[in-house]
Amino acid sequence: MKVVPLTPDYELTAFDCGDEQLNNFLFEDAKPSLELRIANTFILEDDGRIAAYFCLLNDKVSKDEIIGSRWKKIRANFPSGKQFRSYPTVKIGRLAVSVDYRGQNIGTWLMDKVKGTLRQSSTHSAFRYITVDAYLSAVQFYEKGGACDVDNIVGGHHGFVCSST
(Lines give C-alpha, C1' and ligand atoms only; values in the text may rest on other atoms or scores of the structure.)
Protein backbone atom coordinates (compact mmCIF):
# COMPACT_ATOMS: atom_id res chain seq x y z
CA MET A 1 0.00 0.00 0.00
CA LYS A 2 1.13 3.53 -0.70
CA VAL A 3 -0.19 7.05 -0.11
CA VAL A 4 -0.34 9.22 -3.23
CA PRO A 5 -1.62 12.77 -3.72
CA LEU A 6 -4.81 13.25 -5.69
CA THR A 7 -4.00 15.15 -8.88
CA PRO A 8 -6.33 16.66 -11.49
CA ASP A 9 -5.65 13.72 -13.84
CA TYR A 10 -5.89 10.98 -11.19
CA GLU A 11 -8.48 8.41 -12.29
CA LEU A 12 -10.66 7.62 -9.31
CA THR A 13 -11.77 4.00 -9.10
CA ALA A 14 -14.61 2.47 -7.11
CA PHE A 15 -14.73 3.41 -3.43
CA ASP A 16 -17.36 2.90 -0.75
CA CYS A 17 -16.77 3.63 2.92
CA GLY A 18 -20.42 3.13 3.83
CA ASP A 19 -21.10 6.86 4.25
CA GLU A 20 -22.66 8.72 1.34
CA GLN A 21 -21.24 12.13 2.30
CA LEU A 22 -17.69 10.82 2.55
CA ASN A 23 -18.04 8.90 -0.72
CA ASN A 24 -19.45 12.01 -2.43
CA PHE A 25 -16.58 14.17 -1.19
CA LEU A 26 -14.06 11.92 -2.91
CA PHE A 27 -15.91 11.77 -6.24
CA GLU A 28 -17.50 15.23 -6.37
CA ASP A 29 -15.53 17.63 -4.16
CA ALA A 30 -11.92 16.46 -3.82
CA LYS A 31 -10.72 17.59 -7.26
CA PRO A 32 -12.56 20.94 -7.20
CA SER A 33 -11.13 21.55 -3.70
CA LEU A 34 -7.67 20.84 -5.09
CA GLU A 35 -8.18 23.17 -8.06
CA LEU A 36 -9.51 25.94 -5.79
CA ARG A 37 -6.55 25.39 -3.43
CA ILE A 38 -8.89 24.70 -0.52
CA ALA A 39 -7.78 21.16 0.37
CA ASN A 40 -5.33 18.49 -0.73
CA THR A 41 -6.57 14.92 -0.83
CA PHE A 42 -4.38 11.86 -0.49
CA ILE A 43 -5.28 8.34 -1.59
CA LEU A 44 -4.15 5.10 0.04
CA GLU A 45 -3.77 2.72 -2.90
CA ASP A 46 -3.61 -1.06 -2.72
CA ASP A 47 -2.96 -2.77 -6.06
CA GLY A 48 -4.88 -0.08 -7.97
CA ARG A 49 -7.76 -0.03 -5.49
CA ILE A 50 -8.61 2.88 -3.21
CA ALA A 51 -8.33 1.52 0.32
CA ALA A 52 -8.79 4.90 2.03
CA TYR A 53 -8.36 8.62 1.61
CA PHE A 54 -7.90 11.75 3.68
CA CYS A 55 -7.70 15.45 2.95
CA LEU A 56 -5.73 18.24 4.59
CA LEU A 57 -6.41 21.96 4.72
CA ASN A 58 -5.38 24.98 6.75
CA ASP A 59 -7.37 25.95 9.81
CA LYS A 60 -7.05 27.79 13.10
CA VAL A 61 -8.11 27.31 16.66
CA SER A 62 -9.32 30.45 18.36
CA LYS A 63 -10.42 31.56 21.79
CA ASP A 64 -13.99 32.03 20.53
CA GLU A 65 -14.25 28.32 19.63
CA ILE A 66 -12.82 26.74 22.77
CA ILE A 67 -15.06 25.93 25.69
CA GLY A 68 -14.17 27.22 29.18
CA SER A 69 -10.76 26.74 30.74
CA ARG A 70 -9.48 24.62 27.86
CA TRP A 71 -8.24 27.79 26.17
CA LYS A 72 -5.84 28.33 29.07
CA LYS A 73 -4.38 24.88 28.42
CA ILE A 74 -3.72 25.80 24.77
CA ARG A 75 -2.23 29.21 25.65
CA ALA A 76 0.02 27.63 28.29
CA ASN A 77 2.07 26.11 25.45
CA PHE A 78 3.29 29.57 24.44
CA PRO A 79 5.52 32.13 26.18
CA SER A 80 3.83 35.13 27.74
CA GLY A 81 4.52 37.57 24.89
CA LYS A 82 3.34 35.09 22.23
CA GLN A 83 -0.15 34.37 23.47
CA PHE A 84 -2.68 35.26 20.79
CA ARG A 85 -6.44 34.91 20.22
CA SER A 86 -5.86 32.18 17.61
CA TYR A 87 -3.17 29.72 16.53
CA PRO A 88 -2.55 28.00 13.17
CA THR A 89 -3.54 24.40 12.63
CA VAL A 90 -3.69 21.82 9.88
CA LYS A 91 -7.11 20.23 9.60
CA ILE A 92 -7.89 16.68 8.62
CA GLY A 93 -11.05 17.54 6.74
CA ARG A 94 -12.05 14.04 5.66
CA LEU A 95 -10.76 10.56 6.44
CA ALA A 96 -12.50 7.46 5.15
CA VAL A 97 -11.64 3.78 4.86
CA SER A 98 -13.26 1.48 2.31
CA VAL A 99 -15.66 -1.09 3.76
CA ASP A 100 -13.44 -3.71 2.08
CA TYR A 101 -10.55 -2.69 4.35
CA ARG A 102 -12.34 -2.27 7.68
CA GLY A 103 -10.96 -4.05 10.72
CA GLN A 104 -7.35 -3.77 9.51
CA ASN A 105 -6.44 -0.65 11.56
CA ILE A 106 -5.95 1.36 8.37
CA GLY A 107 -7.59 4.46 9.86
CA THR A 108 -5.23 4.41 12.83
CA TRP A 109 -2.25 3.75 10.54
CA LEU A 110 -3.28 6.72 8.37
CA MET A 111 -3.59 9.02 11.39
CA ASP A 112 -0.09 8.03 12.52
CA LYS A 113 1.21 8.57 8.98
CA VAL A 114 -0.44 12.00 8.68
CA LYS A 115 0.86 13.16 12.07
CA GLY A 116 4.36 11.87 11.33
CA THR A 117 4.46 13.47 7.89
CA LEU A 118 3.22 16.80 9.20
CA ARG A 119 5.80 16.80 12.00
CA GLN A 120 8.63 16.11 9.54
CA SER A 121 7.66 18.45 6.72
CA SER A 122 6.39 21.64 8.28
CA THR A 123 8.74 23.80 6.21
CA HIS A 124 6.04 25.22 3.93
CA SER A 125 3.37 26.10 6.47
CA ALA A 126 3.71 26.52 10.21
CA PHE A 127 1.13 25.09 12.60
CA ARG A 128 0.96 24.13 16.25
CA TYR A 129 -2.05 21.82 16.36
CA ILE A 130 -3.94 19.39 14.19
CA THR A 131 -7.70 19.81 14.06
CA VAL A 132 -10.15 17.20 12.89
CA ASP A 133 -13.47 17.81 11.18
CA ALA A 134 -15.29 14.65 12.15
CA TYR A 135 -18.65 13.21 13.01
CA LEU A 136 -19.19 13.22 16.76
CA SER A 137 -19.62 9.47 16.51
CA ALA A 138 -15.99 9.24 15.29
CA VAL A 139 -14.43 10.93 18.35
CA GLN A 140 -13.86 7.53 19.95
CA PHE A 141 -11.83 6.44 16.89
CA TYR A 142 -9.52 9.42 17.24
CA GLU A 143 -9.09 8.80 20.96
CA LYS A 144 -8.55 5.04 20.87
CA GLY A 145 -5.14 3.55 20.45
CA GLY A 146 -3.41 6.91 20.72
CA ALA A 147 -4.27 7.84 17.14
CA CYS A 148 -4.98 11.32 18.43
CA ASP A 149 -4.79 12.65 21.95
CA VAL A 150 -7.90 14.78 22.05
CA ASP A 151 -7.14 17.90 24.06
CA ASN A 152 -10.23 19.96 23.46
CA ILE A 153 -13.65 19.67 21.96
CA VAL A 154 -14.21 22.71 19.79
CA GLY A 155 -17.62 24.32 20.10
CA GLY A 156 -19.67 25.35 17.12
CA HIS A 157 -18.72 22.57 14.73
CA HIS A 158 -17.94 18.87 14.66
CA GLY A 159 -14.25 19.19 15.29
CA PHE A 160 -11.67 18.93 17.96
CA VAL A 161 -8.07 19.85 18.54
CA CYS A 162 -5.37 17.23 18.65
CA SER A 163 -1.95 17.94 20.01
CA SER A 164 0.63 17.87 17.23
CA THR A 165 3.39 16.84 19.58
# chains A, B, ... in the order shown; residues from 1 in each chain; ligands from 1
$ residues_around --residues "region 7-22 of chain A" --least-positions-apart "4" --cutoff "12 Å" --atoms "only C-alpha atoms" --output "JSON, numbers by chain"
{"A": [26, 27, 28, 29, 30, 31, 32, 33, 34, 35, 36, 37, 39, 40, 41, 42, 43, 44, 45, 46, 47, 48, 49, 50, 51, 52, 53, 54, 55, 93, 94, 95, 96, 97, 98, 99, 100, 101, 102, 107, 133, 134, 135]}
$ closest_residue --among "A:Ile38, A:Ala76, A:Met111, A:Val90" --to "Asn58 (chain A)" --atoms "only C-alpha atoms"
A:Val90
$ select_by_dssp --residues "region 62-129 of chain A" --states "alpha helix (DSSP H)" --output "list in words"
Arg70, Trp71, Lys72, Lys73, Ile74, Arg75, Ile106, Gly107, Thr108, Trp109, Leu110, Met111, Asp112, Lys113, Val114, Lys115, Gly116, Thr117, Leu118, Arg119 and Gln120 of chain A
$ atom_distance --atom1 "CA of Leu56 (chain A)" --atom2 "CA of Thr108 (chain A)"
16.1 Å
$ select_by_dssp --residues "region 2-150 of chain A" --states "strand (DSSP E or B)" --output "ChimeraX atom specification"
/A:2-5,40-46,49-62,66,86-97,129-133,150
